[in-house]
Amino acid sequence: MSTGDLKIVETLKNEGVAISSLEELATPSSSKMTSAAKKLMPLIPCITKKNEFVVHATNEQIMEYPEIFLWGLERRILNIAENYFNLPVAYHGAYFRRDIANKVQRKSRLWHLDGEDRQVFKVIIYLHDVNEDQGPFQYIPVSTTQKLVERLKYRQGYIQDTVMQQNVSSSDYKSCLGVAGTVIFAATSHIFHRGKIPVASDRFSLFFDYTSRLPKYPFVNRYSLPQDYLLSLSRKITQHQLQSLLWQNYKVK
């Protein structure tokens, strides 16, 4: 690994979040991925259903723009993930999100830890500039989160911000701001985090999810796409990438 990538892993372990950019990472497929994402953005509808706050690209849309999904299997990204885990990783896929600018406070807009595995790793890419009013990813650093877990006797679920503010200063909230192409590496099982509610405009972003190949709760760690779609995507990737993609066939014994 490069010195820069080792620093990302070290920062992840100490802070819980490390921030880079597509330009700094310079992965070979970033240009094609970004171009595909820009084409897909106007095709994601804005919802009107009560109590809903996010629209995801459909499986069919992801398959129409495979460059997005396959970016999560870039060698450099897998190396960072595996050095953070110290294990071979399972790639759970790419999620194209349109977070709606409304006042809904539910699920991922509330504070929580990801509990699918002992360690959960996510890569988030902003598709446009994101400031405090455009729904940045927010987190509470590892050391403070550990104290909060004990204080709140937290096991799972979502925490209202009113409860969180009774136990920690809002100055401990860290907002990940950045221009289009900002890349956020997040250890989401070790930091309380949420998506801040966007008020100025909808937020468009990509999420790439990883766990170990022997997750703590295997029943919630399924493939993100149907098997035939995954097999279609696997035709032009390396053996290392294949093992991360079809991870249930390559579990560590």
# chains A, B, ... in the order shown; residues from 1 in each chain; ligands from 1
$ closest_atom_pairs --of "segment 2-54 of chain A" --to "segment 81-88 of chain A" --cutoff "8 Å" --atoms "only C-alpha atoms" --output "Markdown table"
| residue | atom | partner | partner_atom | distance |
| --- | --- | --- | --- | --- |
| A:Val9 | CA | A:Tyr84 | CA | 5.5 |
| A:Leu12 | CA | A:Tyr84 | CA | 7.6 |
| A:Lys13 | CA | A:Tyr84 | CA | 7.4 |
$ write_last_selection --atoms "C-alpha atoms" --output "PDB file, in the first residue's frame"
ATOM      1  CA  VAL A   9      -6.381   3.095   7.317  1.00  0.00           C
ATOM      2  CA  LEU A  12     -10.026   5.171  10.119  1.00  0.00           C
ATOM      3  CA  LYS A  13      -8.909   3.163  13.135  1.00  0.00           C
TER       4      LYS A  13
END
$ residues_around --residues "Leu233 of chain A" --least-positions-apart "4" --cutoff "8 Å" --atoms "only C-alpha atoms" --output "count of residues only"
4
$ closest_residue --among "A:Cys176, A:Leu242, A:Ile197, A:Val163" --to "Val130 of chain A" --atoms "only C-alpha atoms"
A:Cys176
$ select_by_dssp --residues "segment 12-200 of chain A" --states "strand (DSSP E or B)" --output "PyMOL selection string"
chain A and resi 17-21+54-56+89-99+111-112+121-126+130+137-140+159+174-176+178+182-186+192-195
$ residues_around --residues "segment 149-152 of chain A" --least-positions-apart "5" --cutoff "9 Å" --atoms "only C-alpha atoms" --output "list of chain:residue names"
A:Thr144, A:Asn167, A:Phe192
$ residues_around --residues "Cys46 of chain A" --least-positions-apart "3" --cutoff "9 Å" --atoms "only C-alpha atoms" --output "ChimeraX atom specification"
/A:54-55,98-100,202
$ write_last_selection --atoms "C-alpha atoms" --output "PDB file, in the first residue's frame"
ATOM      1  CA  VAL A  54     -34.605   8.619   0.150  1.00  0.00           C
ATOM      2  CA  VAL A  55     -34.864   7.147  -3.350  1.00  0.00           C
ATOM      3  CA  ARG A  98     -31.135  10.647  -3.684  1.00  0.00           C
ATOM      4  CA  ASP A  99     -31.768  12.042  -0.188  1.00  0.00           C
ATOM      5  CA  ILE A 100     -34.761  14.331  -0.293  1.00  0.00           C
ATOM      6  CA  ASP A 202     -31.600  17.052  -2.438  1.00  0.00           C
TER       7      ASP A 202
END
$ closest_residue --among "A:Gly181, A:Gly93, A:Pro45, A:Gly72" --to "Glu24 of chain A" --atoms "only C-alpha atoms"
A:Gly181
$ closest_atom_pairs --of "segment 70-162 of chain A" --to "segment 209-223 of chain A" --cutoff "7 Å" --atoms "only C-alpha atoms" --output "Markdown table"
| residue | atom | partner | partner_atom | distance |
| --- | --- | --- | --- | --- |
| A:Leu87 | CA | A:Ser212 | CA | 6.6 |
| A:Pro88 | CA | A:Ser212 | CA | 6.4 |
| A:Val89 | CA | A:Ser212 | CA | 4.7 |
| A:Ala90 | CA | A:Arg213 | CA | 5.0 |
| A:Tyr91 | CA | A:Tyr210 | CA | 4.8 |
| A:His92 | CA | A:Asp209 | CA | 5.2 |
| A:Gly93 | CA | A:Asp209 | CA | 5.9 |
| A:Ala94 | CA | A:Asp209 | CA | 6.9 |
| A:Glu116 | CA | A:Tyr217 | CA | 5.7 |
| A:Asp117 | CA | A:Lys216 | CA | 4.5 |
| A:Arg118 | CA | A:Lys216 | CA | 6.3 |
| A:Gln119 | CA | A:Thr211 | CA | 6.4 |
| A:Val120 | CA | A:Thr211 | CA | 5.1 |
| A:Phe121 | CA | A:Tyr210 | CA | 5.1 |
| A:Lys122 | CA | A:Asp209 | CA | 4.7 |
| A:Val123 | CA | A:Asp209 | CA | 6.7 |
$ write_last_selection --atoms "all heavy atoms" --output "CSV table (one decimal), in the first residue's frame"
chain,number,residue,atom,x,y,z
A,87,LEU,N,-8.6,-8.7,7.2
A,87,LEU,CA,-9.3,-9.9,6.7
A,87,LEU,C,-9.7,-9.7,5.2
A,87,LEU,O,-9.8,-8.5,4.8
A,87,LEU,CB,-10.6,-10.1,7.5
A,87,LEU,CG,-10.5,-10.6,8.9
A,87,LEU,CD1,-11.9,-10.5,9.6
A,87,LEU,CD2,-10.0,-12.1,9.0
A,88,PRO,N,-9.9,-10.8,4.5
A,88,PRO,CA,-10.6,-10.6,3.2
A,88,PRO,C,-12.0,-10.0,3.4
A,88,PRO,O,-12.6,-10.4,4.3
A,88,PRO,CB,-10.6,-12.1,2.7
A,88,PRO,CG,-9.6,-12.8,3.4
A,88,PRO,CD,-9.6,-12.2,4.8
A,89,VAL,N,-12.4,-9.2,2.4
A,89,VAL,CA,-13.7,-8.5,2.6
A,89,VAL,C,-14.8,-9.1,1.7
A,89,VAL,O,-14.5,-9.7,0.6
A,89,VAL,CB,-13.5,-7.0,2.4
A,89,VAL,CG1,-12.6,-6.4,3.4
A,89,VAL,CG2,-13.1,-6.7,0.9
A,90,ALA,N,-16.0,-8.9,2.1
A,90,ALA,CA,-17.2,-9.1,1.3
A,90,ALA,C,-17.7,-7.8,0.8
A,90,ALA,O,-17.9,-6.9,1.6
A,90,ALA,CB,-18.2,-9.8,2.2
A,91,TYR,N,-17.9,-7.7,-0.5
A,91,TYR,CA,-18.4,-6.5,-1.1
A,91,TYR,C,-19.9,-6.6,-1.2
A,91,TYR,O,-20.4,-7.5,-1.9
A,91,TYR,CB,-17.7,-6.3,-2.5
A,91,TYR,CG,-18.3,-5.1,-3.3
A,91,TYR,CD1,-18.4,-3.8,-2.7
A,91,TYR,CD2,-18.6,-5.2,-4.6
A,91,TYR,CE1,-18.9,-2.7,-3.4
A,91,TYR,CE2,-19.1,-4.2,-5.4
A,91,TYR,CZ,-19.2,-2.9,-4.8
A,91,TYR,OH,-19.7,-1.9,-5.5
A,92,HIS,N,-20.7,-5.7,-0.6
A,92,HIS,CA,-22.1,-5.8,-0.6
A,92,HIS,C,-22.8,-4.9,-1.7
A,92,HIS,O,-24.0,-4.9,-1.8
A,92,HIS,CB,-22.7,-5.5,0.7
A,92,HIS,CG,-22.3,-6.5,1.8
A,92,HIS,ND1,-23.0,-7.6,2.0
A,92,HIS,CD2,-21.3,-6.5,2.6
A,92,HIS,CE1,-22.4,-8.4,2.9
A,92,HIS,NE2,-21.4,-7.7,3.3
A,93,GLY,N,-22.0,-4.2,-2.5
A,93,GLY,CA,-22.5,-3.5,-3.6
A,93,GLY,C,-22.5,-2.0,-3.5
A,93,GLY,O,-22.1,-1.4,-2.5
A,94,ALA,N,-23.1,-1.4,-4.5
A,94,ALA,CA,-23.2,0.1,-4.6
A,94,ALA,C,-24.6,0.5,-4.5
A,94,ALA,O,-25.5,-0.2,-5.0
A,94,ALA,CB,-22.6,0.5,-5.9
A,116,GLU,N,-24.4,-4.9,11.3
A,116,GLU,CA,-24.4,-6.2,10.5
A,116,GLU,C,-23.2,-7.1,10.7
A,116,GLU,O,-23.3,-8.3,10.5
A,116,GLU,CB,-24.4,-5.8,9.0
A,116,GLU,CG,-25.6,-5.0,8.5
A,116,GLU,CD,-25.3,-3.5,8.5
A,116,GLU,OE1,-24.6,-3.0,9.4
A,116,GLU,OE2,-25.7,-2.8,7.5
A,117,ASP,N,-22.1,-6.5,11.2
A,117,ASP,CA,-20.9,-7.3,11.4
A,117,ASP,C,-20.1,-6.6,12.5
A,117,ASP,O,-20.4,-5.4,12.9
A,117,ASP,CB,-20.0,-7.4,10.1
A,117,ASP,CG,-19.0,-8.5,10.2
A,117,ASP,OD1,-19.0,-9.2,11.2
A,117,ASP,OD2,-18.3,-8.7,9.2
A,118,ARG,N,-19.1,-7.2,13.0
A,118,ARG,CA,-18.2,-6.6,14.1
A,118,ARG,C,-17.5,-5.4,13.6
A,118,ARG,O,-17.3,-4.4,14.3
A,118,ARG,CB,-17.2,-7.6,14.6
A,118,ARG,CG,-17.9,-8.8,15.3
A,118,ARG,CD,-17.0,-10.0,15.5
A,118,ARG,NE,-17.7,-11.2,16.0
A,118,ARG,CZ,-18.4,-12.0,15.3
A,118,ARG,NH1,-18.5,-11.8,14.0
A,118,ARG,NH2,-19.0,-13.0,15.9
A,119,GLN,N,-17.2,-5.4,12.3
A,119,GLN,CA,-16.7,-4.2,11.6
A,119,GLN,C,-17.4,-4.0,10.3
A,119,GLN,O,-17.6,-5.0,9.5
A,119,GLN,CB,-15.2,-4.4,11.3
A,119,GLN,CG,-14.3,-4.5,12.5
A,119,GLN,CD,-12.8,-4.4,12.2
A,119,GLN,OE1,-12.2,-3.4,12.2
A,119,GLN,NE2,-12.3,-5.6,11.8
A,120,VAL,N,-17.9,-2.8,10.1
A,120,VAL,CA,-18.6,-2.5,8.8
A,120,VAL,C,-17.9,-1.3,8.3
A,120,VAL,O,-17.5,-0.3,9.0
A,120,VAL,CB,-20.1,-2.1,9.1
A,120,VAL,CG1,-20.7,-1.8,7.7
A,120,VAL,CG2,-20.8,-3.3,9.7
A,121,PHE,N,-17.6,-1.3,7.0
A,121,PHE,CA,-16.8,-0.3,6.3
A,121,PHE,C,-17.6,0.2,5.1
A,121,PHE,O,-18.1,-0.6,4.3
A,121,PHE,CB,-15.5,-1.0,5.8
A,121,PHE,CG,-14.6,-0.1,5.0
A,121,PHE,CD1,-13.7,0.7,5.6
A,121,PHE,CD2,-14.6,-0.2,3.6
A,121,PHE,CE1,-12.8,1.5,4.8
A,121,PHE,CE2,-13.7,0.5,2.8
A,121,PHE,CZ,-12.8,1.4,3.4
A,122,LYS,N,-17.7,1.5,5.0
A,122,LYS,CA,-18.4,2.1,3.9
A,122,LYS,C,-17.5,3.2,3.2
A,122,LYS,O,-16.7,3.9,3.8
A,122,LYS,CB,-19.7,2.8,4.3
A,122,LYS,CG,-20.7,1.7,4.8
A,122,LYS,CD,-22.1,2.3,5.1
A,122,LYS,CE,-23.1,1.2,5.5
A,122,LYS,NZ,-24.4,1.8,5.7
A,123,VAL,N,-17.7,3.3,1.9
A,123,VAL,CA,-17.1,4.4,1.1
A,123,VAL,C,-18.3,5.2,0.5
A,123,VAL,O,-19.2,4.7,-0.1
A,123,VAL,CB,-16.2,3.9,0.0
A,123,VAL,CG1,-15.6,5.0,-0.8
A,123,VAL,CG2,-15.2,2.9,0.5
$ closest_residue --among "A:Pro42, A:Gly135, A:Gly4, A:Pro226" --to "Leu177 of chain A" --atoms "only C-alpha atoms"
A:Gly135
$ closest_atom_pairs --of "segment 141-211 of chain A" --to "segment 20-23 of chain A" --cutoff "8 Å" --atoms "only C-alpha atoms" --output "Markdown table"
| residue | atom | partner | partner_atom | distance |
| --- | --- | --- | --- | --- |
| A:Gly181 | CA | A:Leu22 | CA | 5.4 |
| A:Thr182 | CA | A:Ser21 | CA | 4.4 |
| A:Val183 | CA | A:Ser21 | CA | 4.7 |
| A:Ile184 | CA | A:Ser20 | CA | 6.3 |
| A:Phe185 | CA | A:Ser20 | CA | 7.9 |
$ closest_residue --among "A:Pro136, A:Gln227, A:Asn131, A:Lys147" --to "Asn249 of chain A" --atoms "only C-alpha atoms"
A:Gln227
$ select_by_dssp --residues "segment 14-245 of chain A" --states "helix (DSSP H, G or I)" --output "number ranges by chain"
A: 14-15, 22-25, 30-43, 59-64, 66-71, 75-85, 107-109, 142-152, 161-165, 170-172, 218-220, 227-236, 239-245
$ residues_around --residues "Thr27 of chain A" --least-positions-apart "6" --cutoff "9 Å" --atoms "only C-alpha atoms" --output "JSON list (two decimals) with N, CA, C and O atoms, in the first residue's frame"
[["chain", "number", "residue", "atom", "x", "y", "z"],
["A", 71, "TRP", "N", -16.85, 0.07, -9.58],
["A", 71, "TRP", "CA", -15.86, 0.93, -8.94],
["A", 71, "TRP", "C", -15.55, 0.43, -7.53],
["A", 71, "TRP", "O", -14.41, 0.53, -7.07],
["A", 74, "GLU", "N", -12.52, -1.78, -7.21],
["A", 74, "GLU", "CA", -11.19, -1.30, -7.57],
["A", 74, "GLU", "C", -10.15, -1.86, -6.60],
["A", 74, "GLU", "O", -10.37, -1.90, -5.38],
["A", 75, "ARG", "N", -9.02, -2.26, -7.14],
["A", 75, "ARG", "CA", -7.98, -2.88, -6.32],
["A", 75, "ARG", "C", -7.58, -1.99, -5.14],
["A", 75, "ARG", "O", -7.41, -2.47, -4.01],
["A", 76, "ARG", "N", -7.43, -0.71, -5.38],
["A", 76, "ARG", "CA", -7.00, 0.19, -4.32],
["A", 76, "ARG", "C", -8.04, 0.27, -3.20],
["A", 76, "ARG", "O", -7.70, 0.30, -2.01],
["A", 77, "ILE", "N", -9.32, 0.29, -3.57],
["A", 77, "ILE", "CA", -10.38, 0.35, -2.56],
["A", 77, "ILE", "C", -10.43, -0.93, -1.76],
["A", 77, "ILE", "O", -10.54, -0.91, -0.52]]
$ residues_around --residues "Leu73 of chain A" --least-positions-apart "5" --cutoff "8 Å" --atoms "only C-alpha atoms" --output "JSON, numbers by chain"
{"A": [78, 91, 241, 244, 245]}
